[in-house]
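Engineer: This is final_28.txt, which holds compact mmCIF, C-alpha atoms:
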```txt
# COMPACT_ATOMS: atom_id res chain seq x y z
CA MET A 1 0.00 0.00 0.00
CA LEU A 2 2.83 2.37 0.83
CA VAL A 3 4.50 1.89 -2.54
CA PHE A 4 1.26 2.41 -4.46
CA ASP A 5 0.39 5.38 -2.23
CA ALA A 6 3.79 6.98 -2.89
CA ALA A 7 3.23 6.54 -6.64
CA GLY A 8 -0.22 8.13 -6.39
CA GLN A 9 -2.01 4.85 -7.21
CA ARG A 10 -3.87 4.29 -3.92
CA ALA A 11 -7.17 3.54 -5.67
CA HIS A 12 -5.47 0.89 -7.80
CA ALA A 13 -3.92 -0.71 -4.67
CA VAL A 14 -7.31 -0.88 -2.95
CA GLU A 15 -8.83 -2.47 -6.05
CA ILE A 16 -6.08 -5.12 -6.15
CA TRP A 17 -6.50 -5.81 -2.43
CA HIS A 18 -10.27 -6.33 -2.77
CA ALA A 19 -9.80 -8.62 -5.78
CA ALA A 20 -7.20 -10.73 -3.94
CA ARG A 21 -9.41 -10.97 -0.87
CA SER A 22 -12.43 -12.15 -2.85
CA ILE A 23 -10.31 -14.75 -4.67
CA GLY A 24 -9.04 -16.03 -1.32
CA GLU A 25 -12.52 -16.24 0.18
CA GLU A 26 -13.87 -18.09 -2.85
CA GLY A 27 -10.94 -20.51 -2.73
CA ASN A 28 -11.57 -21.18 0.95
CA LYS A 29 -15.28 -21.83 0.32
CA SER A 30 -14.59 -24.19 -2.57
CA ALA A 31 -11.93 -26.09 -0.59
CA ARG A 32 -14.30 -26.55 2.37
CA ALA A 33 -17.08 -27.69 0.04
CA ALA A 34 -14.76 -30.18 -1.64
CA LEU A 35 -13.69 -31.59 1.75
CA ARG A 36 -17.31 -31.86 2.84
CA ARG A 37 -18.26 -33.64 -0.42
CA ARG A 38 -15.35 -36.06 -0.30
CA TYR A 39 -15.15 -36.87 3.40
CA GLY A 40 -18.52 -35.87 4.85
CA GLY A 41 -18.45 -35.87 8.64
CA ARG A 42 -14.82 -37.00 8.70
CA ALA A 43 -13.58 -33.83 7.01
CA PRO A 44 -11.05 -32.07 9.24
CA GLY A 45 -12.29 -28.73 10.49
CA VAL A 46 -15.67 -28.84 8.75
CA GLY A 47 -17.06 -32.24 9.73
CA TRP A 48 -19.45 -32.98 12.57
CA ILE A 49 -17.44 -35.88 13.99
CA GLY A 50 -14.91 -33.59 15.64
CA TRP A 51 -17.64 -31.71 17.49
CA LEU A 52 -19.15 -34.92 18.83
CA LEU A 53 -15.73 -35.99 20.05
CA VAL A 54 -15.26 -32.67 21.83
CA MET A 55 -18.61 -33.20 23.58
CA ALA A 56 -17.50 -36.73 24.51
CA ALA A 57 -14.28 -35.31 25.96
CA ILE A 58 -16.27 -32.81 28.02
CA CYS A 59 -18.51 -35.60 29.35
CA ALA A 60 -15.47 -37.73 30.21
CA ALA A 61 -13.71 -34.83 31.94
CA LEU A 62 -16.81 -34.04 33.98
CA ALA A 63 -17.08 -37.71 34.94
CA LEU A 64 -13.47 -37.66 36.12
CA VAL A 65 -13.91 -34.46 38.12
CA MET A 66 -17.13 -35.65 39.72
CA SER A 67 -15.73 -39.07 40.56
CA ALA A 68 -12.87 -37.30 42.34
CA GLY A 69 -15.40 -35.64 44.63
CA PHE A 70 -14.71 -32.02 43.71
CA ARG A 71 -16.92 -29.82 45.99
CA VAL A 72 -19.44 -32.64 46.51
CA ARG A 73 -18.99 -36.05 48.06
CA ALA A 74 -18.22 -38.49 45.27
CA GLU A 75 -20.44 -41.20 46.77
CA ASN A 76 -23.50 -39.07 46.00
CA LEU A 77 -22.52 -38.66 42.35
CA GLU A 78 -22.00 -42.24 41.23
CA GLY A 79 -25.14 -42.17 39.06
CA VAL A 80 -24.07 -38.91 37.45
CA VAL A 81 -20.58 -40.27 36.76
CA VAL A 82 -22.05 -43.40 35.18
CA ALA A 83 -24.49 -41.32 33.08
CA LEU A 84 -21.71 -39.02 31.86
CA SER A 85 -19.45 -41.92 30.96
CA VAL A 86 -22.26 -43.68 29.09
CA ALA A 87 -23.00 -40.42 27.26
CA ALA A 88 -19.33 -40.17 26.26
CA ALA A 89 -19.39 -43.77 25.03
CA VAL A 90 -22.56 -43.17 23.01
CA LEU A 91 -21.06 -40.05 21.42
CA VAL A 92 -17.88 -41.96 20.56
CA ALA A 93 -19.92 -44.83 19.10
CA ALA A 94 -21.93 -42.34 17.03
CA THR A 95 -18.72 -40.94 15.57
CA LEU A 96 -17.45 -44.44 14.86
CA PHE A 97 -20.56 -45.39 12.92
CA GLY A 98 -20.79 -41.93 11.35
CA ALA A 99 -17.33 -42.46 9.91
CA ARG A 100 -18.50 -45.88 8.65
CA LEU A 101 -15.69 -47.55 10.61
CA ARG A 102 -13.06 -45.75 8.49
CA ALA A 103 -10.03 -43.96 9.83
CA THR A 104 -10.33 -40.31 10.78
CA ASP A 105 -7.59 -37.71 11.09
CA ARG A 106 -5.01 -37.65 13.86
CA ALA A 107 -6.73 -34.90 15.83
CA HIS A 108 -9.72 -37.18 16.35
CA GLY A 109 -7.38 -39.86 17.66
CA ARG A 110 -5.88 -37.46 20.18
CA ILE A 111 -9.34 -36.54 21.45
CA LEU A 112 -10.22 -40.24 21.76
CA VAL A 113 -7.08 -40.85 23.83
CA THR A 114 -8.13 -37.97 26.10
CA VAL A 115 -11.63 -39.42 26.45
CA CYS A 116 -10.21 -42.85 27.21
CA GLY A 117 -7.76 -41.50 29.79
CA ALA A 118 -10.42 -39.46 31.60
CA LEU A 119 -12.79 -42.43 31.68
CA VAL A 120 -10.06 -44.76 32.98
CA GLY A 121 -9.34 -42.25 35.73
CA ALA A 122 -13.02 -42.00 36.59
CA ALA A 123 -13.28 -45.80 36.63
CA VAL A 124 -10.29 -46.13 38.96
CA LEU A 125 -11.75 -43.58 41.36
CA THR A 126 -15.19 -45.16 41.20
CA LEU A 127 -13.85 -48.68 41.74
CA GLY A 128 -11.65 -47.38 44.56
CA ARG A 129 -14.76 -46.39 46.50
CA GLY A 130 -16.13 -49.91 46.15
CA ALA A 131 -18.77 -49.15 43.51
CA VAL A 132 -18.13 -52.25 41.41
CA VAL A 133 -21.10 -52.01 39.06
CA GLY A 134 -20.64 -48.28 38.42
CA GLY A 135 -16.90 -48.72 37.96
CA ALA A 136 -17.43 -51.55 35.50
CA ILE A 137 -19.81 -49.43 33.44
CA VAL A 138 -17.37 -46.51 33.39
CA GLU A 139 -14.52 -48.86 32.44
CA SER A 140 -16.64 -50.32 29.62
CA SER A 141 -17.14 -46.79 28.33
CA ALA A 142 -13.38 -46.32 28.32
CA LEU A 143 -13.01 -49.51 26.30
CA VAL A 144 -15.47 -48.15 23.73
CA ALA A 145 -13.30 -45.04 23.37
CA LEU A 146 -10.17 -47.16 23.06
CA ALA A 147 -11.73 -49.42 20.44
CA ALA A 148 -12.91 -46.44 18.41
CA ASP A 149 -9.39 -45.05 17.92
CA ARG A 150 -8.94 -45.60 14.18
CA ARG A 151 -6.11 -43.28 13.25
CA PRO A 152 -4.47 -43.78 9.88
CA ALA A 153 -1.24 -45.73 9.90
CA GLY A 154 1.99 -44.02 9.04
CA PRO A 155 4.40 -41.42 10.41
```
Could you write out this file's structure as structure tokens?
Structural biologist:
Amino acid sequence: MLVFDAAGQRAHAVEIWHAARSIGEEGNKSARAALRRRYGGRAPGVGWIGWLLVMAAICAALALVMSAGFRVRAENLEGVVVALSVAAAVLVAATLFGARLRATDRAHGRILVTVCGALVGAAVLTLGRGAVVGGAIVESSALVALAADRRPAGP
């Protein structure tokens, strides 16, 4: 802009800037549309699978925090912990079937590892209090998250 302004061609510089911006926006829209057409829900950044996995991670993290007894006695929250872990497992299963059992990108795999780790922690804390049935359900939810990790092979 400074060079064009010094040459007295500010209007021309603004015109070039607007043209370049519109080309960039159109390219971004077409690339997103192509990803959505080709990969559907598995498309990185524009697919719905990533959002479901984030919700599953939130459910798993809440289950872990509540099973630790943060601000409320953990014995009173066993049903809530079990419900949150089952919700996380259902969300993970929905993403697995939404992807038609195909591999997703590496970011989805990292979220699944987080979900699995939080659910294992919640299961350990729940089993540590002697709640065998609740702990087994939470641990089964962690196994669903572990089984759903279908990252592509390679470096």
Engineer: So what do you get for atom CA of A:Leu91 versus atom CA of A:Leu52, distance-wise?
Structural biologist: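 Atom-to-atom, atom CA of A:Leu91 and atom CA of A:Leu52 are spaced 6.1 Å apart.
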Engineer: Fewer than 4 positions away in the same chain doesn't count, so skip those; otherwise give me all residues within 12 Å of stretch 60-66 of chain A, counting only C-alpha atoms, as a compact mmCIF listing (two decimals) with C-alpha atoms, keeping the file's coordinate frame.
Structural biologist:
```txt
# COMPACT_ATOMS: atom_id res chain seq x y z
CA LEU A 53 -15.73 -35.99 20.05
CA VAL A 54 -15.26 -32.67 21.83
CA MET A 55 -18.61 -33.20 23.58
CA ALA A 56 -17.50 -36.73 24.51
CA PHE A 70 -14.71 -32.02 43.71
CA ARG A 71 -16.92 -29.82 45.99
CA VAL A 72 -19.44 -32.64 46.51
CA ARG A 73 -18.99 -36.05 48.06
CA ALA A 74 -18.22 -38.49 45.27
CA GLU A 75 -20.44 -41.20 46.77
CA ASN A 76 -23.50 -39.07 46.00
CA LEU A 77 -22.52 -38.66 42.35
CA GLU A 78 -22.00 -42.24 41.23
CA GLY A 79 -25.14 -42.17 39.06
CA VAL A 80 -24.07 -38.91 37.45
CA VAL A 81 -20.58 -40.27 36.76
CA VAL A 82 -22.05 -43.40 35.18
CA ALA A 83 -24.49 -41.32 33.08
CA LEU A 84 -21.71 -39.02 31.86
CA SER A 85 -19.45 -41.92 30.96
CA VAL A 86 -22.26 -43.68 29.09
CA ALA A 87 -23.00 -40.42 27.26
CA ALA A 88 -19.33 -40.17 26.26
CA ALA A 89 -19.39 -43.77 25.03
CA VAL A 90 -22.56 -43.17 23.01
CA LEU A 91 -21.06 -40.05 21.42
CA VAL A 92 -17.88 -41.96 20.56
CA ILE A 111 -9.34 -36.54 21.45
CA LEU A 112 -10.22 -40.24 21.76
CA VAL A 113 -7.08 -40.85 23.83
CA THR A 114 -8.13 -37.97 26.10
CA VAL A 115 -11.63 -39.42 26.45
CA CYS A 116 -10.21 -42.85 27.21
CA GLY A 117 -7.76 -41.50 29.79
CA ALA A 118 -10.42 -39.46 31.60
CA LEU A 119 -12.79 -42.43 31.68
CA VAL A 120 -10.06 -44.76 32.98
CA GLY A 121 -9.34 -42.25 35.73
CA ALA A 122 -13.02 -42.00 36.59
CA ALA A 123 -13.28 -45.80 36.63
CA VAL A 124 -10.29 -46.13 38.96
CA LEU A 125 -11.75 -43.58 41.36
CA THR A 126 -15.19 -45.16 41.20
CA GLY A 134 -20.64 -48.28 38.42
CA GLY A 135 -16.90 -48.72 37.96
CA VAL A 138 -17.37 -46.51 33.39
CA GLU A 139 -14.52 -48.86 32.44
CA SER A 141 -17.14 -46.79 28.33
CA ALA A 142 -13.38 -46.32 28.32
CA ALA A 145 -13.30 -45.04 23.37
```
Engineer: One number please: atom CA of A:Ile137 to atom CA of A:Gly47, in Å, one decimal.
Structural biologist: 29.4 Å
Engineer: Quick one: pull the distance between atom CA of A:Leu96 and atom CA of A:Val144, Å, one decimal.
Structural biologist: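 Separation between atom CA of A:Leu96 and atom CA of A:Val144: 9.8 Å.
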